[in-house]
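Asker: Please find entry.cif (mmCIF, C-alpha atoms) on the next line:
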data_structure
#
loop_
_atom_site.group_PDB
_atom_site.id
_atom_site.type_symbol
_atom_site.label_atom_id
_atom_site.label_comp_id
_atom_site.auth_asym_id
_atom_site.auth_seq_id
_atom_site.Cartn_x
_atom_site.Cartn_y
_atom_site.Cartn_z
ATOM 1 C CA MET R 1 -100.724 -136.249 -224.291
ATOM 2 C CA ILE R 2 -102.502 -133.060 -225.258
ATOM 3 C CA ARG R 3 -101.904 -130.264 -222.835
ATOM 4 C CA PRO R 4 -104.914 -128.099 -221.964
ATOM 5 C CA ARG R 5 -104.869 -124.612 -223.344
ATOM 6 C CA ARG R 6 -103.837 -121.934 -220.924
ATOM 7 C CA ARG R 7 -106.460 -119.298 -220.450
ATOM 8 C CA ARG R 8 -105.071 -115.956 -221.532
ATOM 9 C CA SER R 9 -105.368 -113.119 -219.096
ATOM 10 C CA GLY R 10 -105.716 -109.469 -219.913
ATOM 11 C CA ILE R 11 -108.160 -107.303 -221.826
ATOM 12 C CA PRO R 12 -109.448 -108.466 -225.229
ATOM 13 C CA LEU R 13 -108.313 -106.325 -228.116
ATOM 14 C CA ARG R 14 -111.914 -105.525 -229.073
ATOM 15 C CA ALA R 15 -112.477 -104.034 -225.607
ATOM 16 C CA ILE R 16 -109.813 -101.359 -226.045
ATOM 17 C CA LEU R 17 -112.064 -98.922 -227.925
ATOM 18 C CA PRO R 18 -114.919 -98.737 -225.360
ATOM 19 C CA ASN R 19 -112.440 -98.564 -222.492
ATOM 20 C CA LEU R 20 -110.610 -95.776 -224.315
ATOM 21 C CA VAL R 21 -113.870 -93.832 -224.546
ATOM 22 C CA THR R 22 -114.423 -94.389 -220.829
ATOM 23 C CA ALA R 23 -110.883 -93.186 -220.105
ATOM 24 C CA LEU R 24 -111.491 -90.067 -222.190
ATOM 25 C CA GLY R 25 -114.584 -89.393 -220.106
ATOM 26 C CA LEU R 26 -112.497 -89.723 -216.960
ATOM 27 C CA CYS R 27 -109.933 -87.295 -218.365
ATOM 28 C CA SER R 28 -112.742 -84.868 -219.143
ATOM 29 C CA GLY R 29 -113.999 -85.069 -215.565
ATOM 30 C CA LEU R 30 -110.522 -84.533 -214.132
ATOM 31 C CA THR R 31 -109.942 -81.564 -216.442
ATOM 32 C CA ALA R 32 -113.268 -80.122 -215.263
ATOM 33 C CA ILE R 33 -111.841 -80.148 -211.723
ATOM 34 C CA ARG R 34 -108.776 -78.251 -212.929
ATOM 35 C CA ALA R 35 -110.966 -75.679 -214.686
ATOM 36 C CA ALA R 36 -113.020 -75.205 -211.520
ATOM 37 C CA LEU R 37 -109.906 -74.598 -209.442
ATOM 38 C CA LEU R 38 -108.874 -71.946 -211.977
ATOM 39 C CA GLY R 39 -112.302 -70.308 -211.814
ATOM 40 C CA GLU R 40 -113.156 -71.255 -215.399
ATOM 41 C CA TRP R 41 -116.664 -72.429 -214.564
ATOM 42 C CA GLU R 42 -118.102 -72.422 -218.076
ATOM 43 C CA ALA R 43 -115.306 -74.690 -219.291
ATOM 44 C CA ALA R 44 -115.744 -76.880 -216.210
ATOM 45 C CA VAL R 45 -119.473 -77.364 -216.838
ATOM 46 C CA LEU R 46 -118.908 -78.120 -220.513
ATOM 47 C CA LEU R 47 -116.274 -80.717 -219.640
ATOM 48 C CA VAL R 48 -118.716 -82.480 -217.309
ATOM 49 C CA LEU R 49 -121.212 -82.463 -220.171
ATOM 50 C CA VAL R 50 -118.591 -84.023 -222.465
ATOM 51 C CA ALA R 51 -117.957 -86.701 -219.834
ATOM 52 C CA ALA R 52 -121.705 -87.422 -219.725
ATOM 53 C CA VAL R 53 -121.844 -87.811 -223.510
ATOM 54 C CA LEU R 54 -118.861 -90.171 -223.511
ATOM 55 C CA ASP R 55 -120.403 -92.136 -220.646
ATOM 56 C CA GLY R 56 -123.558 -92.479 -222.703
ATOM 57 C CA ILE R 57 -121.870 -93.963 -225.754
ATOM 58 C CA ASP R 58 -119.172 -96.214 -224.314
ATOM 59 C CA GLY R 59 -121.647 -98.965 -223.432
ATOM 60 C CA GLY R 60 -123.158 -98.870 -226.916
ATOM 61 C CA ILE R 61 -119.720 -99.079 -228.479
ATOM 62 C CA ALA R 62 -118.867 -102.036 -226.230
ATOM 63 C CA ARG R 63 -121.953 -103.913 -227.400
ATOM 64 C CA LEU R 64 -121.333 -102.974 -231.023
ATOM 65 C CA VAL R 65 -117.792 -104.405 -231.057
ATOM 66 C CA ARG R 66 -118.624 -107.195 -228.577
ATOM 67 C CA GLY R 67 -116.111 -105.740 -226.165
ATOM 68 C CA GLU R 68 -118.130 -106.090 -222.956
ATOM 69 C CA THR R 69 -115.896 -106.914 -219.990
ATOM 70 C CA ARG R 70 -116.078 -106.763 -216.225
ATOM 71 C CA PHE R 71 -112.994 -104.551 -216.332
ATOM 72 C CA GLY R 72 -114.888 -102.052 -218.482
ATOM 73 C CA ALA R 73 -117.798 -101.939 -216.066
ATOM 74 C CA GLU R 74 -115.516 -101.323 -213.085
ATOM 75 C CA LEU R 75 -113.552 -98.636 -214.941
ATOM 76 C CA ASP R 76 -116.825 -96.977 -215.912
ATOM 77 C CA SER R 77 -117.984 -96.827 -212.287
ATOM 78 C CA LEU R 78 -114.691 -95.333 -211.117
ATOM 79 C CA ALA R 79 -114.831 -92.738 -213.903
ATOM 80 C CA ASP R 80 -118.440 -91.891 -213.005
ATOM 81 C CA ALA R 81 -117.555 -91.342 -209.350
ATOM 82 C CA ILE R 82 -114.999 -88.716 -210.361
ATOM 83 C CA SER R 83 -116.741 -87.117 -213.340
ATOM 84 C CA PHE R 84 -120.244 -86.983 -211.830
ATOM 85 C CA GLY R 85 -119.480 -86.888 -208.115
ATOM 86 C CA VAL R 86 -116.171 -85.203 -207.335
ATOM 87 C CA ALA R 87 -116.096 -82.813 -210.311
ATOM 88 C CA PRO R 88 -119.602 -81.275 -209.834
ATOM 89 C CA ALA R 89 -119.002 -81.042 -206.089
ATOM 90 C CA LEU R 90 -115.779 -79.050 -206.554
ATOM 91 C CA ILE R 91 -117.336 -76.894 -209.279
ATOM 92 C CA LEU R 92 -120.231 -75.940 -207.006
ATOM 93 C CA TYR R 93 -117.901 -75.394 -204.047
ATOM 94 C CA THR R 94 -115.499 -73.078 -205.865
ATOM 95 C CA TRP R 95 -118.399 -71.236 -207.524
ATOM 96 C CA SER R 96 -120.689 -70.678 -204.544
ATOM 97 C CA LEU R 97 -120.631 -73.129 -201.641
ATOM 98 C CA ASN R 98 -117.308 -71.858 -200.283
ATOM 99 C CA GLY R 99 -119.263 -68.823 -199.074
ATOM 100 C CA LEU R 100 -120.762 -71.052 -196.358
ATOM 101 C CA GLY R 101 -117.399 -72.163 -195.013
ATOM 102 C CA ARG R 102 -117.341 -75.649 -193.511
ATOM 103 C CA PHE R 103 -121.063 -76.137 -194.079
ATOM 104 C CA GLY R 104 -120.606 -75.492 -197.785
ATOM 105 C CA TRP R 105 -117.803 -78.034 -197.896
ATOM 106 C CA LEU R 106 -120.069 -80.532 -196.109
ATOM 107 C CA VAL R 107 -122.721 -80.094 -198.805
ATOM 108 C CA ALA R 108 -120.102 -80.628 -201.525
ATOM 109 C CA LEU R 109 -118.904 -83.756 -199.723
ATOM 110 C CA LEU R 110 -122.482 -85.063 -199.573
ATOM 111 C CA LEU R 111 -122.880 -84.728 -203.335
ATOM 112 C CA ALA R 112 -119.648 -86.619 -204.041
ATOM 113 C CA LEU R 113 -120.306 -89.211 -201.327
ATOM 114 C CA PHE R 114 -123.904 -89.890 -202.331
ATOM 115 C CA CYS R 115 -122.842 -90.285 -205.957
ATOM 116 C CA ALA R 116 -120.291 -92.907 -204.867
ATOM 117 C CA LEU R 117 -122.907 -94.632 -202.674
ATOM 118 C CA ARG R 118 -125.337 -94.697 -205.588
ATOM 119 C CA LEU R 119 -122.741 -96.316 -207.827
ATOM 120 C CA ALA R 120 -121.805 -98.810 -205.098
ATOM 121 C CA ARG R 121 -125.468 -99.752 -204.616
ATOM 122 C CA PHE R 122 -125.854 -100.082 -208.370
ATOM 123 C CA ASN R 123 -122.808 -102.365 -208.690
ATOM 124 C CA ALA R 124 -123.881 -104.435 -205.690
ATOM 125 C CA GLY R 125 -127.198 -105.157 -207.414
ATOM 126 C CA ILE R 126 -125.697 -106.266 -210.737
ATOM 127 C CA ASP R 127 -125.977 -109.983 -209.944
ATOM 128 C CA ARG R 128 -129.396 -109.779 -208.305
ATOM 129 C CA THR R 129 -132.131 -111.747 -210.013
ATOM 130 C CA ASP R 130 -134.883 -109.544 -208.569
ATOM 131 C CA PRO R 131 -133.767 -105.882 -208.804
ATOM 132 C CA PRO R 132 -136.494 -103.540 -207.497
ATOM 133 C CA HIS R 133 -137.294 -101.515 -210.633
ATOM 134 C CA ARG R 134 -135.134 -102.852 -213.458
ATOM 135 C CA PRO R 135 -137.450 -105.686 -214.611
ATOM 136 C CA HIS R 136 -140.092 -103.055 -215.396
ATOM 137 C CA GLY R 137 -137.737 -100.757 -217.334
ATOM 138 C CA TYR R 138 -137.073 -98.181 -214.606
ATOM 139 C CA LEU R 139 -134.025 -97.045 -212.669
ATOM 140 C CA THR R 140 -133.775 -96.787 -208.883
ATOM 141 C CA GLY R 141 -133.018 -93.164 -208.068
ATOM 142 C CA VAL R 142 -131.423 -90.594 -210.363
ATOM 143 C CA PRO R 143 -128.433 -92.018 -212.297
ATOM 144 C CA ALA R 144 -125.024 -90.460 -211.734
ATOM 145 C CA PRO R 145 -124.747 -88.522 -215.049
ATOM 146 C CA ALA R 146 -128.240 -87.062 -214.663
ATOM 147 C CA GLY R 147 -127.518 -86.191 -211.031
ATOM 148 C CA ALA R 148 -124.395 -84.272 -212.022
ATOM 149 C CA LEU R 149 -126.202 -82.346 -214.750
ATOM 150 C CA LEU R 150 -129.071 -81.583 -212.359
ATOM 151 C CA ALA R 151 -126.695 -80.366 -209.648
ATOM 152 C CA LEU R 152 -125.130 -77.888 -212.075
ATOM 153 C CA THR R 153 -128.491 -76.324 -213.025
ATOM 154 C CA PRO R 154 -127.875 -73.141 -210.968
ATOM 155 C CA LEU R 155 -124.799 -72.479 -213.118
ATOM 156 C CA TYR R 156 -126.776 -72.889 -216.352
ATOM 157 C CA LEU R 157 -129.331 -70.375 -215.121
ATOM 158 C CA TRP R 158 -126.585 -68.016 -213.923
ATOM 159 C CA PHE R 159 -124.723 -68.173 -217.241
ATOM 160 C CA TRP R 160 -128.012 -67.586 -219.021
ATOM 161 C CA SER R 161 -129.470 -64.739 -216.938
ATOM 162 C CA GLY R 162 -126.549 -63.349 -214.950
ATOM 163 C CA LEU R 163 -128.772 -62.965 -211.870
ATOM 164 C CA PRO R 164 -126.552 -62.754 -208.761
ATOM 165 C CA GLU R 165 -129.302 -64.365 -206.649
ATOM 166 C CA LEU R 166 -128.678 -67.689 -208.385
ATOM 167 C CA ARG R 167 -125.203 -67.750 -206.855
ATOM 168 C CA MET R 168 -126.423 -67.391 -203.262
ATOM 169 C CA PRO R 169 -124.588 -70.076 -201.235
ATOM 170 C CA LEU R 170 -127.631 -71.068 -199.175
ATOM 171 C CA LEU R 171 -129.804 -71.509 -202.280
ATOM 172 C CA VAL R 172 -127.127 -73.576 -204.008
ATOM 173 C CA ALA R 173 -126.634 -75.665 -200.855
ATOM 174 C CA VAL R 174 -130.334 -76.529 -200.660
ATOM 175 C CA TRP R 175 -130.474 -77.438 -204.347
ATOM 176 C CA THR R 176 -127.297 -79.545 -204.157
ATOM 177 C CA SER R 177 -128.611 -81.421 -201.114
ATOM 178 C CA ILE R 178 -131.883 -82.225 -202.896
ATOM 179 C CA VAL R 179 -130.056 -83.595 -205.935
ATOM 180 C CA ALA R 180 -127.729 -85.653 -203.734
ATOM 181 C CA LEU R 181 -130.742 -87.205 -201.970
ATOM 182 C CA LEU R 182 -132.405 -87.979 -205.307
ATOM 183 C CA MET R 183 -129.325 -89.925 -206.375
ATOM 184 C CA VAL R 184 -129.505 -92.293 -203.378
ATOM 185 C CA SER R 185 -133.295 -92.388 -203.203
ATOM 186 C CA SER R 186 -135.429 -95.433 -203.996
ATOM 187 C CA LEU R 187 -137.657 -93.532 -206.421
ATOM 188 C CA ALA R 188 -138.421 -95.207 -209.731
ATOM 189 C CA THR R 189 -137.154 -93.015 -212.569
ATOM 190 C CA PHE R 190 -137.527 -93.393 -216.310
ATOM 191 C CA ARG R 191 -134.717 -95.182 -218.106
ATOM 192 C CA PRO R 192 -134.347 -93.821 -221.632
ATOM 193 C CA GLN R 193 -133.215 -96.610 -223.929
ATOM 194 C CA PHE R 194 -131.095 -95.687 -226.925
ATOM 195 C CA ARG R 195 -129.470 -98.423 -228.932
ATOM 196 C CA LEU R 196 -126.974 -98.169 -231.775
ATOM 197 C CA ARG R 197 -128.809 -99.642 -234.746
ATOM 198 C CA GLN R 198 -128.073 -99.930 -238.441
ATOM 199 C CA ARG R 199 -131.209 -97.949 -239.282
ATOM 200 C CA VAL R 200 -132.540 -95.039 -237.255
ATOM 201 C CA ARG R 201 -136.004 -93.540 -237.620
ATOM 202 C CA PHE R 202 -136.098 -90.174 -239.348
ATOM 203 C CA GLU R 203 -137.992 -88.622 -236.434
ATOM 204 C CA ALA R 204 -135.201 -89.586 -234.036
ATOM 205 C CA VAL R 205 -132.630 -87.972 -236.322
ATOM 206 C CA VAL R 206 -134.700 -84.764 -236.427
ATOM 207 C CA VAL R 207 -134.923 -84.634 -232.633
ATOM 208 C CA LEU R 208 -131.195 -85.240 -232.187
ATOM 209 C CA VAL R 209 -130.298 -82.591 -234.750
ATOM 210 C CA ALA R 210 -132.689 -80.084 -233.121
ATOM 211 C CA VAL R 211 -131.202 -80.707 -229.656
ATOM 212 C CA ALA R 212 -127.647 -80.463 -231.003
ATOM 213 C CA ALA R 213 -128.469 -77.197 -232.791
ATOM 214 C CA ALA R 214 -130.035 -75.763 -229.633
ATOM 215 C CA LEU R 215 -126.974 -76.751 -227.586
ATOM 216 C CA VAL R 216 -124.721 -74.947 -230.042
ATOM 217 C CA ALA R 217 -126.901 -71.823 -230.394
ATOM 218 C CA VAL R 218 -128.136 -71.382 -226.812
ATOM 219 C CA PRO R 219 -126.290 -73.956 -224.684
ATOM 220 C CA TRP R 220 -127.163 -72.695 -221.214
ATOM 221 C CA THR R 221 -130.836 -72.184 -221.976
ATOM 222 C CA THR R 222 -131.061 -75.645 -223.519
ATOM 223 C CA LEU R 223 -129.239 -77.327 -220.625
ATOM 224 C CA ALA R 224 -131.430 -75.536 -218.081
ATOM 225 C CA LEU R 225 -134.611 -76.620 -219.869
ATOM 226 C CA LEU R 226 -133.382 -80.209 -220.221
ATOM 227 C CA ALA R 227 -132.456 -80.380 -216.539
ATOM 228 C CA LEU R 228 -135.742 -78.896 -215.358
ATOM 229 C CA GLY R 229 -137.640 -81.169 -217.767
ATOM 230 C CA TYR R 230 -135.914 -84.209 -216.287
ATOM 231 C CA LEU R 231 -136.728 -83.008 -212.777
ATOM 232 C CA VAL R 232 -140.403 -82.709 -213.716
ATOM 233 C CA SER R 233 -140.325 -86.242 -215.150
ATOM 234 C CA ILE R 234 -139.389 -87.789 -211.779
ATOM 235 C CA PRO R 235 -142.871 -87.592 -210.158
ATOM 236 C CA LEU R 236 -144.354 -88.723 -213.469
ATOM 237 C CA SER R 237 -142.074 -91.767 -213.513
ATOM 238 C CA VAL R 238 -142.991 -92.633 -209.927
ATOM 239 C CA ARG R 239 -146.700 -92.462 -210.766
ATOM 240 C CA SER R 240 -146.163 -94.493 -213.944
ATOM 241 C CA TYR R 241 -144.260 -97.182 -212.015
ATOM 242 C CA LEU R 242 -146.898 -97.411 -209.289
ATOM 243 C CA ARG R 243 -149.632 -97.814 -211.906
ATOM 244 C CA LEU R 244 -147.617 -100.485 -213.707
ATOM 245 C CA ARG R 245 -146.946 -102.377 -210.490
ATOM 246 C CA SER R 246 -150.637 -102.261 -209.535
ATOM 247 C CA ARG R 247 -151.636 -103.540 -212.970
ATOM 248 C CA LEU R 248 -149.095 -106.362 -212.861
ATOM 249 C CA ALA R 249 -150.184 -107.310 -209.352
ATOM 250 C CA ALA R 250 -153.821 -107.446 -210.472
ATOM 251 C CA THR R 251 -153.017 -109.672 -213.460
ATOM 252 C CA GLY R 252 -150.420 -111.786 -211.677
ATOM 253 C CA GLU R 253 -147.649 -110.857 -214.101
ATOM 254 C CA THR R 254 -144.077 -110.087 -213.088
ATOM 255 C CA GLY R 255 -142.905 -107.928 -215.974
ATOM 256 C CA VAL R 256 -140.219 -108.544 -218.553
ATOM 257 C CA ALA R 257 -136.671 -108.363 -217.293
ATOM 258 C CA GLN R 258 -134.534 -105.769 -218.984
ATOM 259 C CA SER R 259 -130.811 -105.415 -218.472
ATOM 260 C CA GLU R 260 -129.112 -102.105 -217.738
ATOM 261 C CA GLU R 261 -126.215 -101.665 -220.093
ATOM 262 C CA PRO R 262 -124.722 -105.213 -220.218
ATOM 263 C CA GLU R 263 -120.922 -105.282 -220.137
ATOM 264 C CA ALA R 264 -120.148 -108.979 -220.100
ATOM 265 C CA LEU R 265 -121.761 -112.265 -220.935
ATOM 266 C CA ALA R 266 -122.196 -114.106 -217.639
ATOM 267 C CA PRO R 267 -123.184 -112.352 -215.505
ATOM 268 C CA PRO R 268 -123.325 -109.125 -217.546
ATOM 269 C CA PRO R 269 -121.813 -106.094 -215.825
ATOM 270 C CA VAL R 270 -123.809 -102.945 -216.342
ATOM 271 C CA ARG R 271 -123.185 -99.218 -216.479
ATOM 272 C CA ASP R 272 -124.960 -96.550 -214.461
ATOM 273 C CA THR R 273 -125.893 -94.360 -217.371
ATOM 274 C CA LEU R 274 -128.684 -92.409 -218.947
ATOM 275 C CA LEU R 275 -128.450 -94.380 -222.129
#
Once more with this new file: its structure as structure tokens, please.
Answerer:
Amino acid sequence: MIRPRRRRSGIPLRAILPNLVTALGLCSGLTAIRAALLGEWEAAVLLVLVAAVLDGIDGGIARLVRGETRFGAELDSLADAISFGVAPALILYTWSLNGLGRFGWLVALLLALFCALRLARFNAGIDRTDPPHRPHGYLTGVPAPAGALLALTPLYLWFWSGLPELRMPLLVAVWTSIVALLMVSSLATFRPQFRLRQRVRFEAVVVLVAVAAALVAVPWTTLALLALGYLVSIPLSVRSYLRLRSRLAATGETGVAQSEEPEALAPPPVRDTLL
């Protein structure tokens, strides 16, 4: 009698690399919190940026090595909640919001809480067959990495210009609240799609090199312009989505379903990411 094979538990060996990248992103977010508590705000902001970059590539690495797992998706969400919710909230609080006392702490809590709620809503909709915006290639609300980088915009401008007005607690509180609301909003936002391919167009290489050079030469100016550019794109994405939905409704089409960062085969977990 042939005994049935026992199903092995644990994480596949090929999934170690993407999960390691995710763990490094989590470590970067936690170290950003430490830097904020020490008053090293430039280092803290840069560490959040590093976490965002690692969050953007771990899904691509997982697909490249066929290491998509549900474990990886869950780890990614937990790392995002810390790196893009807790870390920016504490950075903003130690930098400016503490000047408002308990109200400033409430605003910081809202940023961290709304980031966690956004991720929870995102994970809860993974198995839905009719997500509100995903079939048309859009995201619902601002993704967690983009929300964190948007929330830190006052620091970019302050590092760049040195204007003390940019550190006013009330101004920072208003800006932080707006970003927190954008993260849990139902607005349709553009979903940039970057895939790791064997061949990359020369134009894409030129753009990436130009952005990398700008980040090295004038990091705060570049980050401020990127953040403000993304903010401007939100009303444009809403208008684009409404036009697309009207056109599809007129023609009777439903749109082509597109997955958001698949992490497994059935059903595929996804990552809340810019990439």
Asker: Using all atoms listed in the file, what table do you get, as a tab-separated table, when you list each residue of range 96-126 of chain R with an atom no more than 12 Å from range 145-155 of chain R, its nearest pair of atoms, and their distance in Å rounded to one decimal, rows by chain then rising number?
Answerer:
residue	atom	partner	partner_atom	distance
R:Ser96	CA	R:Leu155	CA	9.7
R:Leu97	CA	R:Pro154	CA	11.8
R:Val107	CA	R:Ala151	CA	11.6
R:Ala108	CA	R:Ala151	CA	10.5
R:Leu110	CA	R:Ala151	CA	11.9
R:Leu111	CA	R:Ala151	CA	8.6
R:Ala112	CA	R:Ala148	CA	9.6
R:Phe114	CA	R:Gly147	CA	10.1
R:Cys115	CA	R:Gly147	CA	8.0
R:Ala116	CA	R:Gly147	CA	11.6
R:Arg118	CA	R:Gly147	CA	10.3
R:Leu119	CA	R:Pro145	CA	10.8
Asker: For the file shown, report as an MDAnalysis selection string the outcome of the PyMOL selection byres ((chain R and resi 55) around 10) at residue level.
Answerer: chainID R and resid 18 21:26 49:54 56:60 76:77 79:80 83 145 271:275
Asker: Go ahead and dump the residues you just picked, C-alpha atoms, as a PDB file, in the frame of the given file.
Answerer:
ATOM      1  CA  PRO R  18    -114.919 -98.737-225.360  1.00  0.00           C
ATOM      2  CA  VAL R  21    -113.870 -93.832-224.546  1.00  0.00           C
ATOM      3  CA  THR R  22    -114.423 -94.389-220.829  1.00  0.00           C
ATOM      4  CA  ALA R  23    -110.883 -93.186-220.105  1.00  0.00           C
ATOM      5  CA  LEU R  24    -111.491 -90.067-222.190  1.00  0.00           C
ATOM      6  CA  GLY R  25    -114.584 -89.393-220.106  1.00  0.00           C
ATOM      7  CA  LEU R  26    -112.497 -89.723-216.960  1.00  0.00           C
ATOM      8  CA  LEU R  49    -121.212 -82.463-220.171  1.00  0.00           C
ATOM      9  CA  VAL R  50    -118.591 -84.023-222.465  1.00  0.00           C
ATOM     10  CA  ALA R  51    -117.957 -86.701-219.834  1.00  0.00           C
ATOM     11  CA  ALA R  52    -121.705 -87.422-219.725  1.00  0.00           C
ATOM     12  CA  VAL R  53    -121.844 -87.811-223.510  1.00  0.00           C
ATOM     13  CA  LEU R  54    -118.861 -90.171-223.511  1.00  0.00           C
ATOM     14  CA  GLY R  56    -123.558 -92.479-222.703  1.00  0.00           C
ATOM     15  CA  ILE R  57    -121.870 -93.963-225.754  1.00  0.00           C
ATOM     16  CA  ASP R  58    -119.172 -96.214-224.314  1.00  0.00           C
ATOM     17  CA  GLY R  59    -121.647 -98.965-223.432  1.00  0.00           C
ATOM     18  CA  GLY R  60    -123.158 -98.870-226.916  1.00  0.00           C
ATOM     19  CA  ASP R  76    -116.825 -96.977-215.912  1.00  0.00           C
ATOM     20  CA  SER R  77    -117.984 -96.827-212.287  1.00  0.00           C
ATOM     21  CA  ALA R  79    -114.831 -92.738-213.903  1.00  0.00           C
ATOM     22  CA  ASP R  80    -118.440 -91.891-213.005  1.00  0.00           C
ATOM     23  CA  SER R  83    -116.741 -87.117-213.340  1.00  0.00           C
ATOM     24  CA  PRO R 145    -124.747 -88.522-215.049  1.00  0.00           C
ATOM     25  CA  ARG R 271    -123.185 -99.218-216.479  1.00  0.00           C
ATOM     26  CA  ASP R 272    -124.960 -96.550-214.461  1.00  0.00           C
ATOM     27  CA  THR R 273    -125.893 -94.360-217.371  1.00  0.00           C
ATOM     28  CA  LEU R 274    -128.684 -92.409-218.947  1.00  0.00           C
ATOM     29  CA  LEU R 275    -128.450 -94.380-222.129  1.00  0.00           C
TER      30      LEU R 275
END
Asker: Near Leu100 in chain R, counting all atoms listed in the file, which residues have an atom at most 8 Å away, once you skip same-chain residues fewer than 3 positions from it, shown as a list in words?
Answerer: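 Residues near the query, excluding close chain neighbours: Leu97, Phe103, Gly104, Trp105, Pro169 and Leu170 of chain R.
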Asker: Can you spit out the residues from that selection as a CSV table (one decimal), in the frame of the given file, using C-alpha atoms?
Answerer:
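Everything below was put into again_21.csv:
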chain,number,residue,atom,x,y,z
R,97,LEU,CA,-120.6,-73.1,-201.6
R,103,PHE,CA,-121.1,-76.1,-194.1
R,104,GLY,CA,-120.6,-75.5,-197.8
R,105,TRP,CA,-117.8,-78.0,-197.9
R,169,PRO,CA,-124.6,-70.1,-201.2
R,170,LEU,CA,-127.6,-71.1,-199.2
Asker: Please identify all polymer residues within 9 Å of Ser185 in chain R, counting all atoms listed in the file, omitting same-chain residues fewer than 5 positions from it, and present them as a list in words.
Answerer: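 Near neighbours after the sequence-gap exclusion: Arg118, Thr140, Gly141, Val142 and Ala180 of chain R.
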Asker: What does the structure give for the distance between CA of Ala43 in chain R and CA of Ser28 in chain R, in Å to one decimal?
Answerer: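 For CA of Ala43 in chain R relative to CA of Ser28 in chain R, the distance reads 10.5 Å.
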Asker: Kindly give the distance, in Å, that separates CA of Ala36 in chain R and CA of Thr94 in chain R, rounded to a single decimal.
Answerer: 6.5 Å
Asker: Which residue gives the smallest distance to Val172 in chain R among R:Asn19, R:Ser246, R:Asn123, R:Asn98, with all atoms listed in the file counted?
Answerer: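 Counting all atoms listed in the file, the residue closest to Val172 in chain R is R:Asn98.
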Asker: I need the residue nearest Leu64 in chain R from this list: R:Ala15, R:Ala32, R:Leu47, R:Leu90. Use all atoms listed in the file for the distance.
Answerer: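 The shortest atom-to-atom distance to Leu64 in chain R comes from R:Ala15.
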Asker: List every residue of range 78-190 of chain R that has an atom at most 7 Å from any atom of range 209-225 of chain R, and for each one report the closest atom pair and its distance in Å to one decimal, counting all atoms listed in the file, with rows sorted by chain and then by increasing residue number, as CSV.
Answerer:
residue,atom,partner,partner_atom,distance
R:Thr153,CA,R:Ala224,CA,5.9
R:Tyr156,CA,R:Trp220,CA,4.9
R:Leu157,CA,R:Ala224,CA,6.3
R:Phe159,CA,R:Trp220,CA,6.5
R:Trp160,CA,R:Trp220,CA,5.6
Asker: Report the centre and edge lengths, in Å to one decimal, of an axis-aligned box enclosing every atom of range 246-250 of chain R listed in the file, padded by 4 Å on each side, as AutoDock Vina command-line options.
Answerer:
--center_x -151.5 --center_y -104.9 --center_z -211.2 --size_x 12.7 --size_y 13.2 --size_z 11.6
Asker: With a distance cut-off of 6 Å and all atoms listed in the file, select the neighbouring residues of range 186-191 of chain R, excluding the residue or stretch itself and same-chain residues fewer than 2 positions from it, and output the selection as number ranges by chain.
Answerer: R: 138-141, 234, 237-238
Asker: In Å, with one decimal, what is the gap from CA of Ala73 in chain R to CA of Ala227 in chain R?
Answerer: 26.1 Å
Asker: May I ask which of the residues R:Ala44, R:Ala144, R:Val205, R:Ala124 is the closest one to Met183 in chain R, counting all atoms listed in the file?
Answerer: R:Ala144
Asker: Counting all atoms listed in the file, figure out which residue out of R:Leu166, R:Val174, R:Ile16, R:Val48 gets nearest to Gly85 in chain R.
Answerer: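 When distances to Gly85 in chain R are compared using all atoms listed in the file, the smallest one comes from R:Val48.
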